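Peer 1: Below is the file target-v7.pdb, with PDB, C-alpha atoms and all ligand atoms.
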ATOM      1  CA  LYS A 700     -18.130  15.507   0.265
ATOM      2  CA  LEU A 701     -19.626  12.640   2.218
ATOM      3  CA  ASP A 702     -16.590  11.439   4.115
ATOM      4  CA  PHE A 703     -13.749  13.577   5.205
ATOM      5  CA  ALA A 704     -10.929  11.699   3.549
ATOM      6  CA  GLY A 705     -10.546   8.848   1.134
ATOM      7  CA  ARG A 706     -12.824   5.902   1.012
ATOM      8  CA  ILE A 707     -11.721   3.325  -1.417
ATOM      9  CA  ALA A 708     -13.562   0.160  -2.142
ATOM     10  CA  ARG A 709     -14.296  -2.709  -4.450
ATOM     11  CA  ALA A 710     -11.759  -3.166  -7.135
ATOM     12  CA  LEU A 711     -13.116  -6.106  -9.033
ATOM     13  CA  GLY A 712     -10.919  -7.791 -11.541
ATOM     14  CA  SER A 713      -8.005  -6.118 -13.211
ATOM     15  CA  ARG A 714      -7.463  -8.225 -16.263
ATOM     16  CA  LEU A 715      -4.219  -7.341 -17.935
ATOM     17  CA  ARG A 716      -5.341  -7.732 -21.499
ATOM     18  CA  GLU A 717      -2.410  -9.462 -23.096
ATOM     19  CA  GLU A 718      -1.471 -12.007 -20.477
ATOM     20  CA  HIS A 719      -5.019 -12.547 -19.225
ATOM     21  CA  VAL A 720      -3.876 -12.454 -15.656
ATOM     22  CA  GLN A 721      -6.505 -11.632 -13.120
ATOM     23  CA  ALA A 722      -4.134  -9.768 -10.833
ATOM     24  CA  VAL A 723      -6.818  -8.465  -8.507
ATOM     25  CA  ASP A 724      -9.995 -10.429  -8.002
ATOM     26  CA  ALA A 725     -13.093  -9.702  -5.908
ATOM     27  CA  VAL A 726     -11.321  -7.339  -3.575
ATOM     28  CA  ASN A 727     -13.654  -5.483  -1.232
ATOM     29  CA  LEU A 728     -11.787  -3.082   0.958
ATOM     30  CA  ALA A 729     -12.440   0.277   2.583
ATOM     31  CA  VAL A 730      -9.765   2.638   3.833
ATOM     32  CA  MET A 731     -10.988   5.007   6.512
ATOM     33  CA  PRO A 732      -9.912   8.641   6.886
ATOM     34  CA  GLY A 733      -6.714   8.993   8.876
ATOM     35  CA  GLU A 734      -5.984   5.286   9.112
ATOM     36  CA  VAL A 735      -2.916   3.387   8.028
ATOM     37  CA  LEU A 736      -3.825   0.172   6.267
ATOM     38  CA  GLY A 737      -1.010  -2.314   5.734
ATOM     39  CA  LEU A 738      -1.412  -4.440   2.618
ATOM     40  CA  VAL A 739       0.829  -7.497   2.725
ATOM     41  CA  GLY A 740       1.535 -10.588   0.676
ATOM     42  CA  GLU A 741       4.278 -12.256  -1.315
ATOM     43  CA  SER A 742       5.519 -10.659  -4.488
ATOM     44  CA  GLY A 743       3.172 -11.219  -7.399
ATOM     45  CA  CYS A 744       0.050 -11.385  -5.218
ATOM     46  CA  GLY A 745      -1.455  -8.286  -6.807
ATOM     47  CA  LYS A 746      -0.797  -5.717  -4.091
ATOM     48  CA  SER A 747       1.089  -3.310  -6.373
ATOM     49  CA  THR A 748      -1.626  -3.668  -8.995
ATOM     50  CA  LEU A 749      -4.267  -2.855  -6.397
ATOM     51  CA  GLY A 750      -2.224   0.115  -5.151
ATOM     52  CA  ARG A 751      -1.863   1.517  -8.654
ATOM     53  CA  MET A 752      -5.563   1.128  -9.293
ATOM     54  CA  LEU A 753      -6.338   3.017  -6.078
ATOM     55  CA  CYS A 754      -4.224   5.921  -7.346
ATOM     56  CA  GLY A 755      -5.920   5.852 -10.726
ATOM     57  CA  ILE A 756      -2.649   5.184 -12.533
ATOM     58  CA  LEU A 757      -3.602   1.702 -13.712
ATOM     59  CA  PRO A 758      -6.844   1.056 -15.545
ATOM     60  CA  ARG A 759      -9.339  -1.480 -14.257
ATOM     61  CA  SER A 760     -11.330  -3.843 -16.432
ATOM     62  CA  GLY A 761     -14.144  -3.883 -13.898
ATOM     63  CA  GLY A 762     -15.175  -3.021 -10.378
ATOM     64  CA  ASN A 763     -15.383   0.343  -8.699
ATOM     65  CA  ILE A 764     -13.240   2.594  -6.605
ATOM     66  CA  TYR A 765     -15.053   5.112  -4.437
ATOM     67  CA  TYR A 766     -13.394   8.281  -3.278
ATOM     68  CA  LYS A 767     -15.295  10.115  -0.544
ATOM     69  CA  GLY A 768     -18.331   8.111  -1.487
ATOM     70  CA  THR A 769     -18.214   8.822  -5.229
ATOM     71  CA  ASP A 770     -17.258   6.333  -7.935
ATOM     72  CA  VAL A 771     -13.974   7.720  -9.282
ATOM     73  CA  ASP A 772     -15.017   6.827 -12.838
ATOM     74  CA  LEU A 773     -17.797   9.409 -12.508
ATOM     75  CA  LEU A 774     -15.594  12.229 -11.231
ATOM     76  CA  LYS A 775     -15.237  15.138 -13.631
ATOM     77  CA  GLY A 776     -13.309  18.372 -13.846
ATOM     78  CA  ARG A 777     -12.296  19.752 -10.477
ATOM     79  CA  ASP A 778     -13.400  16.630  -8.611
ATOM     80  CA  ALA A 779     -11.311  14.367 -10.845
ATOM     81  CA  LYS A 780      -8.334  16.630 -10.330
ATOM     82  CA  GLU A 781      -8.882  16.680  -6.588
ATOM     83  CA  TYR A 782      -8.835  12.870  -6.478
ATOM     84  CA  ALA A 783      -5.687  12.725  -8.634
ATOM     85  CA  VAL A 784      -3.903  15.181  -6.367
ATOM     86  CA  ASN A 785      -5.203  13.862  -3.057
ATOM     87  CA  VAL A 786      -4.230  10.249  -3.565
ATOM     88  CA  GLN A 787      -0.497  10.058  -4.203
ATOM     89  CA  MET A 788       1.705   7.060  -4.832
ATOM     90  CA  ILE A 789       5.174   6.566  -3.386
ATOM     91  CA  PHE A 790       7.234   4.005  -5.243
ATOM     92  CA  GLN A 791       9.716   1.374  -4.161
ATOM     93  CA  ASP A 792      12.743   2.612  -6.001
ATOM     94  CA  PRO A 793      13.108   6.347  -5.589
ATOM     95  CA  PHE A 794      16.005   6.447  -8.017
ATOM     96  CA  ALA A 795      13.994   4.947 -10.840
ATOM     97  CA  SER A 796      11.103   7.328 -10.209
ATOM     98  CA  LEU A 797      13.204  10.512  -9.994
ATOM     99  CA  ASN A 798      14.295  12.157 -13.231
ATOM    100  CA  PRO A 799      18.119  12.155 -13.070
ATOM    101  CA  ARG A 800      18.362  15.345 -15.134
ATOM    102  CA  MET A 801      16.073  17.353 -12.900
ATOM    103  CA  ARG A 802      17.167  19.317  -9.892
ATOM    104  CA  VAL A 803      15.354  18.602  -6.628
ATOM    105  CA  ARG A 804      13.788  22.067  -6.876
ATOM    106  CA  LYS A 805      11.978  21.034 -10.019
ATOM    107  CA  ILE A 806      11.236  17.470  -8.949
ATOM    108  CA  ILE A 807       9.433  18.673  -5.834
ATOM    109  CA  GLY A 808       8.234  22.038  -7.113
ATOM    110  CA  GLU A 809       6.760  21.154 -10.483
ATOM    111  CA  ALA A 810       3.423  19.736  -9.331
ATOM    112  CA  PRO A 811       2.532  22.359  -6.685
ATOM    113  CA  LEU A 812       3.259  25.101  -9.230
ATOM    114  CA  PHE A 813       1.135  23.341 -11.828
ATOM    115  CA  HIS A 814      -1.742  22.939  -9.403
ATOM    116  CA  GLY A 815      -1.519  26.526  -8.200
ATOM    117  CA  LEU A 816      -0.582  25.603  -4.624
ATOM    118  CA  THR A 817       2.263  28.105  -4.757
ATOM    119  CA  THR A 818       3.630  30.736  -7.122
ATOM    120  CA  ALA A 819       7.039  31.098  -8.763
ATOM    121  CA  GLY A 820       7.780  33.984  -6.383
ATOM    122  CA  GLU A 821       6.911  31.948  -3.285
ATOM    123  CA  LEU A 822       8.321  28.642  -4.487
ATOM    124  CA  ASP A 823      11.495  28.833  -2.424
ATOM    125  CA  ASP A 824       9.634  29.248   0.840
ATOM    126  CA  TYR A 825       7.196  26.550  -0.177
ATOM    127  CA  LEU A 826      10.033  24.119  -0.965
ATOM    128  CA  ASN A 827      11.833  24.945   2.271
ATOM    129  CA  GLU A 828       8.785  23.958   4.259
ATOM    130  CA  VAL A 829       8.124  20.733   2.342
ATOM    131  CA  MET A 830      11.775  19.681   2.452
ATOM    132  CA  LEU A 831      12.138  20.357   6.166
ATOM    133  CA  ARG A 832       8.979  18.444   6.905
ATOM    134  CA  CYS A 833      10.421  15.464   5.020
ATOM    135  CA  GLY A 834      13.799  15.646   6.725
ATOM    136  CA  LEU A 835      15.701  17.171   3.804
ATOM    137  CA  ASP A 836      18.126  20.057   3.976
ATOM    138  CA  PRO A 837      16.489  22.861   1.942
ATOM    139  CA  SER A 838      19.897  24.198   0.950
ATOM    140  CA  TYR A 839      20.260  21.130  -1.298
ATOM    141  CA  LYS A 840      17.390  22.040  -3.584
ATOM    142  CA  ASN A 841      19.623  22.733  -6.554
ATOM    143  CA  ARG A 842      21.219  19.295  -6.445
ATOM    144  CA  TYR A 843      20.441  16.313  -8.646
ATOM    145  CA  PRO A 844      19.111  12.955  -7.385
ATOM    146  CA  HIS A 845      22.442  11.129  -7.791
ATOM    147  CA  GLN A 846      23.989  13.492  -5.249
ATOM    148  CA  PHE A 847      21.848  11.976  -2.485
ATOM    149  CA  SER A 848      21.950   8.681  -0.572
ATOM    150  CA  GLY A 849      19.210   6.056  -1.015
ATOM    151  CA  GLY A 850      17.381   7.176   2.113
ATOM    152  CA  GLN A 851      17.593  10.837   1.078
ATOM    153  CA  ARG A 852      16.290   9.964  -2.371
ATOM    154  CA  GLN A 853      13.302   8.256  -0.828
ATOM    155  CA  ARG A 854      12.718  11.437   1.193
ATOM    156  CA  ILE A 855      12.769  13.381  -2.085
ATOM    157  CA  GLY A 856      10.157  10.976  -3.486
ATOM    158  CA  ILE A 857       8.036  11.508  -0.375
ATOM    159  CA  ALA A 858       8.526  15.294  -0.535
ATOM    160  CA  ARG A 859       7.434  15.266  -4.175
ATOM    161  CA  ALA A 860       4.191  13.548  -3.161
ATOM    162  CA  MET A 861       3.701  15.708  -0.055
ATOM    163  CA  ALA A 862       4.231  18.908  -2.058
ATOM    164  CA  VAL A 863       0.703  18.688  -3.472
ATOM    165  CA  GLN A 864      -0.765  18.357   0.033
ATOM    166  CA  PRO A 865      -2.377  14.947  -0.447
ATOM    167  CA  GLU A 866      -4.854  13.342   1.931
ATOM    168  CA  CYS A 867      -3.802   9.810   1.164
ATOM    169  CA  LEU A 868      -0.494   8.150   0.337
ATOM    170  CA  VAL A 869      -0.233   4.749  -1.284
ATOM    171  CA  CYS A 870       3.273   3.553  -0.445
ATOM    172  CA  ASP A 871       4.433   0.565  -2.491
ATOM    173  CA  GLU A 872       7.380  -1.191  -0.823
ATOM    174  CA  SER A 873       8.611   2.280   0.037
ATOM    175  CA  VAL A 874      11.342   1.075   2.364
ATOM    176  CA  ALA A 875      12.156  -2.299   0.782
ATOM    177  CA  ALA A 876      15.239  -1.074  -1.088
ATOM    178  CA  LEU A 877      16.776   0.585   1.986
ATOM    179  CA  ASP A 878      19.111  -0.610   4.739
ATOM    180  CA  VAL A 879      17.331  -1.633   7.923
ATOM    181  CA  SER A 880      18.450   1.441   9.907
ATOM    182  CA  ILE A 881      17.340   3.753   7.091
ATOM    183  CA  GLN A 882      14.058   1.845   6.818
ATOM    184  CA  ALA A 883      13.303   2.753  10.425
ATOM    185  CA  GLN A 884      13.980   6.436   9.735
ATOM    186  CA  ILE A 885      11.672   6.494   6.736
ATOM    187  CA  LEU A 886       8.950   4.628   8.656
ATOM    188  CA  ASN A 887       9.291   7.222  11.415
ATOM    189  CA  LEU A 888       8.887   9.961   8.828
ATOM    190  CA  PHE A 889       5.636   8.365   7.621
ATOM    191  CA  MET A 890       4.408   8.160  11.211
ATOM    192  CA  ASP A 891       5.275  11.823  11.838
ATOM    193  CA  LEU A 892       3.547  12.954   8.648
ATOM    194  CA  ARG A 893       0.525  10.911   9.505
ATOM    195  CA  ARG A 894       0.299  12.343  13.017
ATOM    196  CA  GLU A 895       0.892  15.950  11.980
ATOM    197  CA  LEU A 896      -1.333  15.977   8.915
ATOM    198  CA  ASN A 897      -3.843  13.213   9.666
ATOM    199  CA  LEU A 898      -2.789  11.469   6.465
ATOM    200  CA  THR A 899      -4.489   8.331   5.311
ATOM    201  CA  CYS A 900      -2.009   5.719   4.229
ATOM    202  CA  VAL A 901      -2.060   2.417   2.376
ATOM    203  CA  PHE A 902       1.269   0.807   3.101
ATOM    204  CA  ILE A 903       2.115  -2.045   0.766
ATOM    205  CA  SER A 904       4.844  -4.501   1.780
ATOM    206  CA  HIS A 905       5.848  -8.126   1.409
ATOM    207  CA  ASP A 906       7.080  -7.931   5.005
ATOM    208  CA  LEU A 907       4.573  -8.112   7.867
ATOM    209  CA  GLY A 908       7.322  -6.944  10.229
ATOM    210  CA  VAL A 909       7.583  -3.651   8.332
ATOM    211  CA  VAL A 910       3.876  -2.824   8.353
ATOM    212  CA  GLU A 911       3.290  -3.945  11.931
ATOM    213  CA  HIS A 912       4.556  -0.790  13.564
ATOM    214  CA  ILE A 913       2.815   1.723  11.394
ATOM    215  CA  SER A 914      -0.519   0.072  10.565
ATOM    216  CA  ASP A 915      -3.859   0.307  12.319
ATOM    217  CA  ARG A 916      -5.285  -2.542  10.277
ATOM    218  CA  ILE A 917      -3.711  -5.124   8.031
ATOM    219  CA  ALA A 918      -5.081  -6.719   4.881
ATOM    220  CA  VAL A 919      -3.363  -9.921   3.773
ATOM    221  CA  MET A 920      -3.439 -10.628   0.067
ATOM    222  CA  TYR A 921      -2.872 -13.920  -1.740
ATOM    223  CA  LEU A 922      -3.062 -14.430  -5.501
ATOM    224  CA  GLY A 923      -5.260 -11.438  -6.150
ATOM    225  CA  ARG A 924      -7.610 -11.841  -3.191
ATOM    226  CA  ILE A 925      -7.723 -10.326   0.265
ATOM    227  CA  VAL A 926      -7.716 -13.401   2.515
ATOM    228  CA  GLU A 927      -7.811 -11.691   5.909
ATOM    229  CA  VAL A 928      -8.386  -8.182   7.248
ATOM    230  CA  ALA A 929      -7.979  -7.373  10.934
ATOM    231  CA  PRO A 930      -6.799  -4.697  13.349
ATOM    232  CA  VAL A 931      -3.046  -5.095  13.685
ATOM    233  CA  ASP A 932      -3.024  -6.384  17.282
ATOM    234  CA  ALA A 933      -5.752  -8.914  16.604
ATOM    235  CA  LEU A 934      -3.919 -10.141  13.539
ATOM    236  CA  PHE A 935      -0.670 -10.671  15.406
ATOM    237  CA  ASP A 936      -2.251 -12.060  18.585
ATOM    238  CA  ALA A 937      -4.717 -14.393  16.935
ATOM    239  CA  PRO A 938      -4.236 -14.756  13.184
ATOM    240  CA  PHE A 939      -7.082 -16.669  11.585
ATOM    241  CA  HIS A 940      -6.153 -17.507   8.009
ATOM    242  CA  PRO A 941      -3.557 -20.276   7.479
ATOM    243  CA  TYR A 942      -1.718 -17.981   5.070
ATOM    244  CA  THR A 943      -1.543 -15.187   7.647
ATOM    245  CA  LYS A 944      -0.152 -17.717  10.143
ATOM    246  CA  ALA A 945       2.493 -18.784   7.672
ATOM    247  CA  LEU A 946       3.515 -15.169   7.009
ATOM    248  CA  LEU A 947       3.666 -14.465  10.744
ATOM    249  CA  ASN A 948       5.957 -17.411  11.171
ATOM    250  CA  GLU A 949       8.523 -15.502   9.170
ATOM    251  CA  VAL A 950       8.433 -12.408  11.385
ATOM    252  CA  PRO A 951      11.027 -12.738  14.159
ATOM    253  CA  ARG A 952       9.414 -11.758  17.449
ATOM    254  CA  LEU A 953      10.711 -12.222  20.951
ATOM    255  CA  ASP A 954       7.254 -12.139  22.495
ATOM    256  CA  ARG A 955       5.837 -14.974  20.415
ATOM    257  CA  ARG A 956       7.896 -17.769  21.918
ATOM    258  CA  GLY A 957       5.913 -20.959  22.000
ATOM    259  CA  VAL A 958       3.724 -19.983  19.097
ATOM    260  CA  ASP A 959       4.925 -21.957  16.165
ATOM    261  CA  PHE A 960       3.057 -21.995  12.921
ATOM    262  CA  THR A 961       3.915 -24.204   9.997
ATOM    263  CA  PRO A 962       6.280 -22.315   7.719
ATOM    264  CA  LEU A 963       5.205 -21.504   4.215
ATOM    265  CA  ALA A 964       6.010 -24.330   1.801
ATOM    266  CA  GLY A 965       6.281 -24.113  -1.946
ATOM    267  CA  GLU A 966       6.195 -21.289  -4.418
ATOM    268  CA  ILE A 967       3.360 -18.888  -5.050
ATOM    269  CA  PRO A 968       1.422 -20.457  -7.980
ATOM    270  CA  SER A 969       1.247 -18.696 -11.319
ATOM    271  CA  PRO A 970      -1.599 -16.197 -11.497
ATOM    272  CA  LEU A 971      -1.993 -17.340 -15.112
ATOM    273  CA  ASP A 972      -3.354 -20.627 -13.861
ATOM    274  CA  PRO A 973      -4.461 -20.219 -10.253
ATOM    275  CA  PRO A 974      -5.412 -23.322  -8.239
ATOM    276  CA  SER A 975      -9.083 -24.294  -8.091
ATOM    277  CA  GLY A 976     -11.266 -23.557  -5.073
ATOM    278  CA  CYS A 977      -9.184 -21.776  -2.454
ATOM    279  CA  HIS A 978      -6.100 -20.471  -4.261
ATOM    280  CA  PHE A 979      -4.017 -21.280  -1.182
ATOM    281  CA  HIS A 980      -4.979 -24.960  -0.994
ATOM    282  CA  PRO A 981      -1.772 -26.492  -2.475
ATOM    283  CA  ARG A 982       0.257 -24.811   0.279
ATOM    284  CA  CYS A 983      -2.203 -24.955   3.151
ATOM    285  CA  PRO A 984      -1.387 -27.187   6.148
ATOM    286  CA  GLN A 985      -5.099 -27.273   7.061
ATOM    287  CA  VAL A 986      -6.438 -28.097   3.605
ATOM    288  CA  MET A 987      -9.746 -30.019   3.438
ATOM    289  CA  ASP A 988     -11.561 -31.642   0.506
ATOM    290  CA  ILE A 989     -13.919 -28.705   0.061
ATOM    291  CA  CYS A 990     -10.943 -26.348  -0.349
ATOM    292  CA  ARG A 991      -9.974 -27.924  -3.666
ATOM    293  CA  GLN A 992     -13.429 -27.472  -5.128
ATOM    294  CA  GLU A 993     -15.118 -24.444  -3.653
ATOM    295  CA  ARG A 994     -13.925 -20.923  -3.420
ATOM    296  CA  PRO A 995     -14.314 -19.705   0.175
ATOM    297  CA  GLU A 996     -16.541 -16.711   0.847
ATOM    298  CA  ASP A 997     -15.314 -13.523   2.447
ATOM    299  CA  VAL A 998     -17.015 -13.594   5.891
ATOM    300  CA  GLU A 999     -16.946 -11.577   9.087
ATOM    301  CA  ILE A1000     -15.246 -13.706  11.744
ATOM    302  CA  ALA A1001     -15.422 -11.100  14.534
ATOM    303  CA  PRO A1002     -16.364  -7.410  14.666
ATOM    304  CA  GLY A1003     -13.958  -5.618  12.337
ATOM    305  CA  ARG A1004     -12.360  -8.854  11.168
ATOM    306  CA  ARG A1005     -12.909 -10.673   7.917
ATOM    307  CA  ALA A1006     -11.416 -13.813   6.448
ATOM    308  CA  CYS A1007     -11.782 -15.832   3.309
ATOM    309  CA  CYS A1008     -11.342 -19.465   4.355
ATOM    310  CA  HIS A1009     -13.629 -22.476   4.678
ATOM    311  CA  LEU A1010     -12.530 -22.856   8.291
ATOM    312  CA  ALA A1011     -14.478 -19.664   9.034
ATOM    313  CA  THR A1012     -17.793 -21.225   8.041
ATOM    314  CA  MET A1013     -17.199 -24.728   9.449
ATOM    315  CA  LYS A1014     -17.850 -24.089  13.137
TER
HETATM  316 FE1  LIG B1101      -6.589 -23.627   3.835
HETATM  317 FE2  LIG B1101      -8.972 -24.444   3.022
HETATM  318 FE3  LIG B1101      -8.758 -22.195   4.398
HETATM  319 FE4  LIG B1101      -7.884 -22.333   1.907
HETATM  320  S1  LIG B1101      -9.991 -22.518   2.576
HETATM  321  S2  LIG B1101      -6.833 -21.433   3.616
HETATM  322  S3  LIG B1101      -7.080 -24.406   1.822
HETATM  323  S4  LIG B1101      -8.303 -24.260   5.131
HETATM  324 MG    MG B1102       5.037  -5.178  -6.098
END
Go through the file and emit its structure as structure tokens.
Peer 2:
Amino acid sequence: KLDFAGRIARALGSRLREEHVQAVDAVNLAVMPGEVLGLVGESGCGKSTLGRMLCGILPRSGGNIYYKGTDVDLLKGRDAKEYAVNVQMIFQDPFASLNPRMRVRKIIGEAPLFHGLTTAGELDDYLNEVMLRCGLDPSYKNRYPHQFSGGQRQRIGIARAMAVQPECLVCDESVAALDVSIQAQILNLFMDLRRELNLTCVFISHDLGVVEHISDRIAVMYLGRIVEVAPVDALFDAPFHPYTKALLNEVPRLDRRGVDFTPLAGEIPSPLDPPSGCHFHPRCPQVMDICRQERPEDVEIAPGRRACCHLATMK
């Protein structure tokens, strides 16, 4: 194994065959071991598609995903299984992703038994540990999902993923369906898990305010492309891309008085017929002639920071 945890890169072009939507286009992104990468953008920008491709649960029409330095398409046997187990997805709606006719014991215990991480005789102890770690009362393991609150159900979804001892979680809007106070509790759980287990995490959200507190770096996505990647503080202190600025404008922050970016105007265009040149040009307050014709390159704007905007190459 070259790296110690997941390295995921280059998912080029997921073309959903029937609709011919290029949901993810020319994405070049690496996730480093132990880091939390926030992936943000408006709904429909392709972030869920990218997340599902990273977990290997959505096929790609092109491009490559590397796990610990190896193209996942070339993984076989044990290595393929290791990737499937080590990169786990956590969904937005825990209720929809939990089988209503299964007891929690089975929901959480099925996969670790299947993968030989525990035995039938030791399952109870195994479940106790996983449930406690995820903030669930182990004495509830014979209950059904509907007997839990929304926040508890999301903990069950997290426990199900954690039960196979993954290295990397891909969390897709994992707190979006929850009340704000419950959101904070679940975010704290992710931070605890990450600290205790050195988990790598890709945290997908439409809300920059949600990813701010748990991310080391943030990737901003617009219509299938990553338009800016930066360490979280740099992104909030000095956003580069006009789209990032517009998103930041929507995050209420006491310490950003005086900084006022133009709010985001208009709807996200249809990915069926994306705008020419820079996809963001019809909504961009800094649009120039070149933006309508030429697609901006992804360039390094500072060490560890990249952006995809003609303004980056104009100076
Ligand atoms: Fe705006 Fe042009 Fe930059 Fe696109 S390339 S974000 S339209 S300035
Ligand atoms: Mg989504």
Peer 1: Could you list, as a list in words, all protein and nucleic acid residues with an atom at most 12 Å from ligand MG 1102 (chain B), counting all atoms listed in the file?
Peer 2: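 So, counting all atoms listed in the file, the residues near ligand MG 1102 (chain B) are Ala722, Leu738, Val739, Gly740, Glu741, Ser742, Gly743, Cys744, Gly745, Lys746, Ser747, Thr748, Leu749, Gly750, Arg751, Phe790, Gln791, Asp792, Cys870, Asp871, Glu872, Ser873, Ala875, Phe902, Ile903, Ser904, His905, Asp906 and Met920 of chain A.
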Peer 1: Please write out the residues within 6 Å of ligand LIG 1101 (chain B) as an mmCIF file with C-alpha atoms, in the frame of the given file, counting all atoms listed in the file.
Peer 2:
data_model
loop_
_atom_site.group_PDB
_atom_site.id
_atom_site.type_symbol
_atom_site.label_atom_id
_atom_site.label_comp_id
_atom_site.auth_asym_id
_atom_site.auth_seq_id
_atom_site.Cartn_x
_atom_site.Cartn_y
_atom_site.Cartn_z
ATOM 1 C CA HIS A 940 -6.153 -17.507 8.009
ATOM 2 C CA PRO A 941 -3.557 -20.276 7.479
ATOM 3 C CA CYS A 977 -9.184 -21.776 -2.454
ATOM 4 C CA PHE A 979 -4.017 -21.280 -1.182
ATOM 5 C CA HIS A 980 -4.979 -24.960 -0.994
ATOM 6 C CA CYS A 983 -2.203 -24.955 3.151
ATOM 7 C CA GLN A 985 -5.099 -27.273 7.061
ATOM 8 C CA VAL A 986 -6.438 -28.097 3.605
ATOM 9 C CA MET A 987 -9.746 -30.019 3.438
ATOM 10 C CA CYS A 990 -10.943 -26.348 -0.349
ATOM 11 C CA PRO A 995 -14.314 -19.705 0.175
ATOM 12 C CA CYS A 1008 -11.342 -19.465 4.355
ATOM 13 C CA HIS A 1009 -13.629 -22.476 4.678
ATOM 14 C CA LEU A 1010 -12.530 -22.856 8.291
#
Peer 1: Using all atoms listed in the file, can you tell me which of A:Cys754, A:Val950, A:Ile881, A:Ile917 comes closest to Ala929 of chain A?
Peer 2: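 That would be A:Ile917, the residue with the smallest distance to Ala929 of chain A.
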Peer 1: So which residues get picked by the PyMOL selection byres (((chain A and resi 886-890) around 8) and not hetatm) here, written as number ranges by chain?
Peer 2: A: 833-834, 874, 882-885, 891-894, 913
Peer 1: Interatomic distance between atom CA of Ser848 of chain A and atom CA of Ser914 of chain A?
Peer 2: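 A separation of 26.5 Å between them.
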Peer 1: Do you know which residues are at most 9 Å from segment 809-817 of chain A counting only C-alpha atoms, after dropping those on the same chain fewer than 5 positions away, and could you put them as a PyMOL selection string?
Peer 2: chain A and resi 784+804+822+825+859-860+862-864
